[in-house]
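Each remark here refers to the structure printed beneath this line.
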Amino acid sequence: MPTKILFELKNVSFTYQLTHALDNISFTISEGEKLVLLGANGSGKSTLLKILDGLVFPTQGIVQAFGHTINSDYFSKEKQEYDFRKRVGYIFQDSDVQLFSPTVWDEVTFAPLQLGLSQELVTKQAESALKIMEITHLKNRIPFQLSGGEKKKVAIACVLSYKPTVWLFDEPTSGLDPRSQSRLIDFIFEVNAQKNTVITATHDLFILTEIANRVIVLSEDHQIVADDTPQEILADTKLLTKHNLIHAHIHKHLNQEHEHIHTHTSDHTHLSIK
Amino acid sequence: MSFLEQNLHHITETLQNTLYVEHITKLPGLIQHLDPRTRIICFCLLLMSVNLSKNIVFILSVYVFLLLLAYASQIPLKFFIMRVWMFLPFFTGIIALPAIFNVFTPGNALLTLINLPNYHLYISITQNGVFSAAYLLTRVATSVSSAILLVLTTDWIQLLKSLERLHVPKMFIIVSLITYRYIFVLLKTTNNMLLSRKSRMIGKPQNQTHRWWIGGTLGTLFNKTQTLSEDVYKAMRSRGYANQIIILSDFHYQFVDYVAIGVTFTLIVMLYFIWN
């Protein structure tokens, strides 16, 4: 049975004033996929996620989502925008951007309220989201007082409270301690196991095999340079080196100089690939 | 204390003060038990009565009532009184001071300051003048005290949400709530910028260098604020915001709230009749 195509991008380019963020991008995303957008800093991953969430529109090319062309005309009809928003959830890289409400409870209830759910259903779904993320005790806290890991959990609960079928994660493990990273990866796995589509933008190679069944690599020229399984991408060290996702340098182990190929985790610890 | 240390000190003080006030709003005191809307209604009743009354004893009676309420709400009285009277003499006192002299308020002289008949110069402190100044000071002090009592017992979020329930325009409430939320993010950013500057500073810089750095910091902060506001708007859009905002109704009136409004109203009427 053929899988349903949810997103289709045709020759999409995006320019911020005079700076290119995306250059002639074309690909499709099918229902239930676990897709990672892999690229070095500034390659255009976050812009691509914003385009997929209909927050910005391409300066050139066409974006189709759920069979409709997504542009400002399409969103000018309130119902059409609501239908789209109900289906797509976006977890921002900077949780402080996403957590704009005065308390955690206000934050978690914000989306379902705006999307027209009844007050009873909003309360029920928000409480359930807090429970799943194990943050019910933070309900009345002010986002400013939370740790980075807690903020990320609240940000996820905000999206979980309206149960979208497409999840967009922007650098989800950035700035998290190892335990929080591991829990987040488990969560992404669970979301996808429930037949949801998960699209993650990252440059963290160590989580690829766990959060992706397909990887699209973006170059520093903002173009797609590879589209394959995570295993194939990770095996291609030439590709990863060329696009600044790993690098080789010489250093000493037990007074012996030798060369390793490395990637960097978000907190810049060196980890050996090969 | 250097310019940097002063600013760091003020930012820390603001954050500590916010946390302390937040601690008071969560104490199990009398006012804290009431619905925030009740607190606002009682506050408005007291404010109106104080500002409509021309009797200083009535205003003083309301002030004493506010002190009793503060005590019953577990607010340290010294902290409550100081918060009002620390700044009042500087602001209202300066306005009230000229009123005590015969030049502005004629009347029986209490104390003659200058008496030069040959030059037709006579300046004295009059009984009516002192009364007028005292009347203005007590009225302002009582009004400010009632506002401070409200703010000390109700956190900003509850306060703004209650105003929304009392039909203050939603857009005003949302903008205020978001502003309150991001003040702390920007304070933290400013604090980090100041600390970063301090960590790289050797010796005492010239005033010109300071001015140059302040200008740069303000510019950077403005740019960061603009980027942040654009991103926050996108985050709101992403979760269904479309220029109309819906807020969850989570306030419930209880019997005690009706009693509180009734008692406040009755007390004001009683005091009014006693002193007028």
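In the structure tokens, each chain is lettered A, B, ... as it comes, each chain's residues begin at 1, and ligands are numbered from 1 in order of appearance.
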Can you list, as a list in words, every protein, DNA or RNA residue that comes within 9 Å of stretch 48-58 of chain B when you count only C-alpha atoms, leaving out same-chain residues fewer than 6 positions away?
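That gives Phe131, Ala134, Tyr135, Thr138, Arg139, Val140, Thr142, Ser143, Ile268, Val269, Leu271, Tyr272, Ile274, Trp275 and Asn276 of chain B.
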Using only C-alpha atoms, find which residues of chain B lie within 9 Å of chain A and jot them down as a list in words.
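Listing them in order of chain and number gives Ile157, Ile174, Leu177, Ile178, Tyr180, Arg181, Tyr182, Phe184, Val185, Leu228, Ser229, Asp231, Val232, Tyr233, Lys234, Ala235, Met236, Arg237, Ser238, Arg239, Gly240, Tyr241, Ala242, Gln244, Ile245, Ile246, Ile247, Leu248 and Ser249 of chain B.
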Keeping N, CA and C atoms for every residue in the selection just given, could you write it to a file as an mmCIF file, in the first residue's frame?
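For reference, part.cif as written:
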```
data_model
loop_
_atom_site.group_PDB
_atom_site.id
_atom_site.type_symbol
_atom_site.label_atom_id
_atom_site.label_comp_id
_atom_site.auth_asym_id
_atom_site.auth_seq_id
_atom_site.Cartn_x
_atom_site.Cartn_y
_atom_site.Cartn_z
ATOM 1 N N ILE B 157 0.191 38.063 37.348
ATOM 2 C CA ILE B 157 -0.539 37.221 36.400
ATOM 3 C C ILE B 157 -2.010 37.149 36.792
ATOM 4 N N ILE B 174 -3.042 40.797 27.242
ATOM 5 C CA ILE B 174 -2.056 39.887 26.644
ATOM 6 C C ILE B 174 -0.712 40.577 26.481
ATOM 7 N N LEU B 177 0.850 40.775 29.855
ATOM 8 C CA LEU B 177 1.322 39.466 30.334
ATOM 9 C C LEU B 177 2.617 39.064 29.635
ATOM 10 N N ILE B 178 2.664 39.274 28.325
ATOM 11 C CA ILE B 178 3.871 38.895 27.580
ATOM 12 C C ILE B 178 5.037 39.805 27.974
ATOM 13 N N TYR B 180 5.470 41.221 30.860
ATOM 14 C CA TYR B 180 5.904 40.779 32.195
ATOM 15 C C TYR B 180 6.761 39.518 32.073
ATOM 16 N N ARG B 181 6.358 38.617 31.167
ATOM 17 C CA ARG B 181 7.098 37.360 30.968
ATOM 18 C C ARG B 181 8.522 37.641 30.461
ATOM 19 N N TYR B 182 8.640 38.565 29.489
ATOM 20 C CA TYR B 182 9.944 38.748 28.844
ATOM 21 C C TYR B 182 10.843 39.767 29.535
ATOM 22 N N PHE B 184 11.976 39.429 32.385
ATOM 23 C CA PHE B 184 12.978 38.622 33.078
ATOM 24 C C PHE B 184 14.009 38.042 32.100
ATOM 25 N N VAL B 185 13.545 37.673 30.909
ATOM 26 C CA VAL B 185 14.477 37.160 29.895
ATOM 27 C C VAL B 185 15.462 38.262 29.524
ATOM 28 N N LEU B 228 13.575 38.648 19.146
ATOM 29 C CA LEU B 228 12.793 37.832 20.084
ATOM 30 C C LEU B 228 11.301 38.018 19.837
ATOM 31 N N SER B 229 10.872 39.286 19.654
ATOM 32 C CA SER B 229 9.441 39.535 19.467
ATOM 33 C C SER B 229 8.931 38.908 18.170
ATOM 34 N N ASP B 231 10.196 36.188 16.758
ATOM 35 C CA ASP B 231 10.154 34.730 16.987
ATOM 36 C C ASP B 231 8.973 34.345 17.874
ATOM 37 N N VAL B 232 8.691 35.170 18.879
ATOM 38 C CA VAL B 232 7.562 34.877 19.776
ATOM 39 C C VAL B 232 6.249 34.925 18.980
ATOM 40 N N TYR B 233 6.153 35.897 18.093
ATOM 41 C CA TYR B 233 4.943 35.990 17.260
ATOM 42 C C TYR B 233 4.782 34.716 16.410
ATOM 43 N N LYS B 234 5.916 34.236 15.861
ATOM 44 C CA LYS B 234 5.863 32.996 15.057
ATOM 45 C C LYS B 234 5.434 31.823 15.934
ATOM 46 N N ALA B 235 5.975 31.769 17.164
ATOM 47 C CA ALA B 235 5.608 30.672 18.078
ATOM 48 C C ALA B 235 4.115 30.729 18.408
ATOM 49 N N MET B 236 3.578 31.937 18.531
ATOM 50 C CA MET B 236 2.137 32.089 18.811
ATOM 51 C C MET B 236 1.315 31.651 17.609
ATOM 52 N N ARG B 237 1.752 32.069 16.415
ATOM 53 C CA ARG B 237 1.041 31.679 15.180
ATOM 54 C C ARG B 237 1.046 30.163 15.032
ATOM 55 N N SER B 238 2.213 29.581 15.326
ATOM 56 C CA SER B 238 2.363 28.130 15.176
ATOM 57 C C SER B 238 1.347 27.368 16.025
ATOM 58 N N ARG B 239 0.935 27.985 17.139
ATOM 59 C CA ARG B 239 -0.015 27.286 18.018
ATOM 60 C C ARG B 239 -1.421 27.888 17.928
ATOM 61 N N GLY B 240 -1.726 28.449 16.789
ATOM 62 C CA GLY B 240 -3.125 28.783 16.512
ATOM 63 C C GLY B 240 -3.545 30.216 16.766
ATOM 64 N N TYR B 241 -2.613 31.108 17.164
ATOM 65 C CA TYR B 241 -2.996 32.501 17.405
ATOM 66 C C TYR B 241 -3.313 33.190 16.072
ATOM 67 N N ALA B 242 -4.476 33.828 16.017
ATOM 68 C CA ALA B 242 -4.851 34.526 14.778
ATOM 69 C C ALA B 242 -5.511 35.854 15.131
ATOM 70 N N GLN B 244 -6.966 37.001 17.532
ATOM 71 C CA GLN B 244 -7.978 36.928 18.598
ATOM 72 C C GLN B 244 -7.442 35.955 19.632
ATOM 73 N N ILE B 245 -7.511 36.324 20.892
ATOM 74 C CA ILE B 245 -6.929 35.421 21.884
ATOM 75 C C ILE B 245 -8.004 34.888 22.833
ATOM 76 N N ILE B 246 -7.868 33.614 23.188
ATOM 77 C CA ILE B 246 -8.830 33.002 24.118
ATOM 78 C C ILE B 246 -8.069 32.617 25.385
ATOM 79 N N ILE B 247 -8.631 32.987 26.534
ATOM 80 C CA ILE B 247 -7.986 32.674 27.820
ATOM 81 C C ILE B 247 -8.884 31.716 28.591
ATOM 82 N N LEU B 248 -8.256 30.746 29.270
ATOM 83 C CA LEU B 248 -9.019 29.775 30.065
ATOM 84 C C LEU B 248 -9.560 30.450 31.325
ATOM 85 N N SER B 249 -10.846 30.254 31.567
ATOM 86 C CA SER B 249 -11.455 30.856 32.761
ATOM 87 C C SER B 249 -11.198 29.959 33.962
#
```
Could you list, as a list in words, every residue within 7 Å of stretch 5-16 of chain A, counting only C-alpha atoms and ignoring same-chain residues fewer than 4 positions away?
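Once the adjacent positions are removed, what remains is His20, Ala21, Leu22, Asp23, Asn24, Ile25, Ser26, Phe27, Thr28, Ile29, Ser30, Glu31, Pro58, Thr59, Gln60, Gly61, Ile62, Val63, Gln64, Ala65 and Phe66 of chain A.
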Distance atom CA of B:Ser145-atom CA of B:Leu66, one decimal place?
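That distance, rounded to one decimal, is 7.3 Å.
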For stretch 5-18 of chain B, find every residue with an atom within 12 Å (counting only C-alpha atoms), except residues of its own chain fewer than 6 positions away, and show them as a list in words.
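Listing them by chain and then by number gives Phe144 and Gln145 of chain A; Ile24, Thr25, Phe79, Arg83, Val151, Leu152, Asp155, Trp156, Tyr180, Ile183, Phe184, Val185, Leu186, Leu187, Lys188, Thr189, Thr190, Asn191, Asn192, Met193, Leu194, Leu195, Ser196, Arg197, Lys198, Ser199 and Ile214 of chain B.
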Near A:Glu210, counting only C-alpha atoms, which residues have an atom at most 12 Å away, once you skip same-chain residues fewer than 4 positions from it, shown as number ranges by chain?
A: 34-36, 181-190, 192, 198, 200, 204-206, 214-215, 229-231
Output C-alpha atoms for every residue in that selection, as a PDB file, in the first residue's frame.
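Saved the output as out26.pdb:
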```pdb
ATOM      1  CA  LYS A  34      11.092   9.849  10.786  1.00  0.00           C
ATOM      2  CA  LEU A  35      13.050  12.420   8.833  1.00  0.00           C
ATOM      3  CA  VAL A  36      16.149  14.284   9.937  1.00  0.00           C
ATOM      4  CA  GLN A 181      18.612  13.992  25.855  1.00  0.00           C
ATOM      5  CA  SER A 182      17.961  10.286  26.300  1.00  0.00           C
ATOM      6  CA  ARG A 183      14.366  10.903  27.498  1.00  0.00           C
ATOM      7  CA  LEU A 184      13.735  13.216  24.584  1.00  0.00           C
ATOM      8  CA  ILE A 185      14.967  10.623  22.087  1.00  0.00           C
ATOM      9  CA  ASP A 186      12.644   8.045  23.732  1.00  0.00           C
ATOM     10  CA  PHE A 187       9.789  10.532  23.408  1.00  0.00           C
ATOM     11  CA  ILE A 188      10.470  11.154  19.692  1.00  0.00           C
ATOM     12  CA  PHE A 189      10.543   7.384  19.204  1.00  0.00           C
ATOM     13  CA  GLU A 190       7.162   7.006  20.972  1.00  0.00           C
ATOM     14  CA  ASN A 192       6.613   8.162  15.734  1.00  0.00           C
ATOM     15  CA  VAL A 198       8.507  13.392  12.956  1.00  0.00           C
ATOM     16  CA  THR A 200      13.937  16.886  13.203  1.00  0.00           C
ATOM     17  CA  ASP A 204      23.977  15.891  16.187  1.00  0.00           C
ATOM     18  CA  LEU A 205      25.116  12.681  14.446  1.00  0.00           C
ATOM     19  CA  PHE A 206      24.881  10.573  17.606  1.00  0.00           C
ATOM     20  CA  ARG A 214      15.622   8.939   6.436  1.00  0.00           C
ATOM     21  CA  VAL A 215      18.188  11.766   6.433  1.00  0.00           C
ATOM     22  CA  THR A 229      19.062   6.170   5.317  1.00  0.00           C
ATOM     23  CA  PRO A 230      20.960   7.216   8.469  1.00  0.00           C
ATOM     24  CA  GLN A 231      23.269   4.181   8.146  1.00  0.00           C
TER      25      GLN A 231
END
```
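With only C-alpha atoms as the atoms that count, the residue of B:Leu19, B:Ala260, B:Leu137, B:Leu113 with the shortest distance to B:Phe90 is B:Leu137.
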Helix (DSSP H, G or I) positions in stretch 87-238 of chain B, given as a VMD selection string:
chain B and resid 88 to 100 117 to 119 127 to 153 156 to 165 170 to 199 207 to 238
May I ask for the distance between atom CA of A:Gln93 and atom CA of A:Asp227, given in Å to one decimal place?
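It comes out at 23.3 Å.
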Could you write out, as a ChimeraX atom specification, all the residues of stretch 108-187 of chain A that DSSP marks as strand (DSSP E)?
/A:166-170
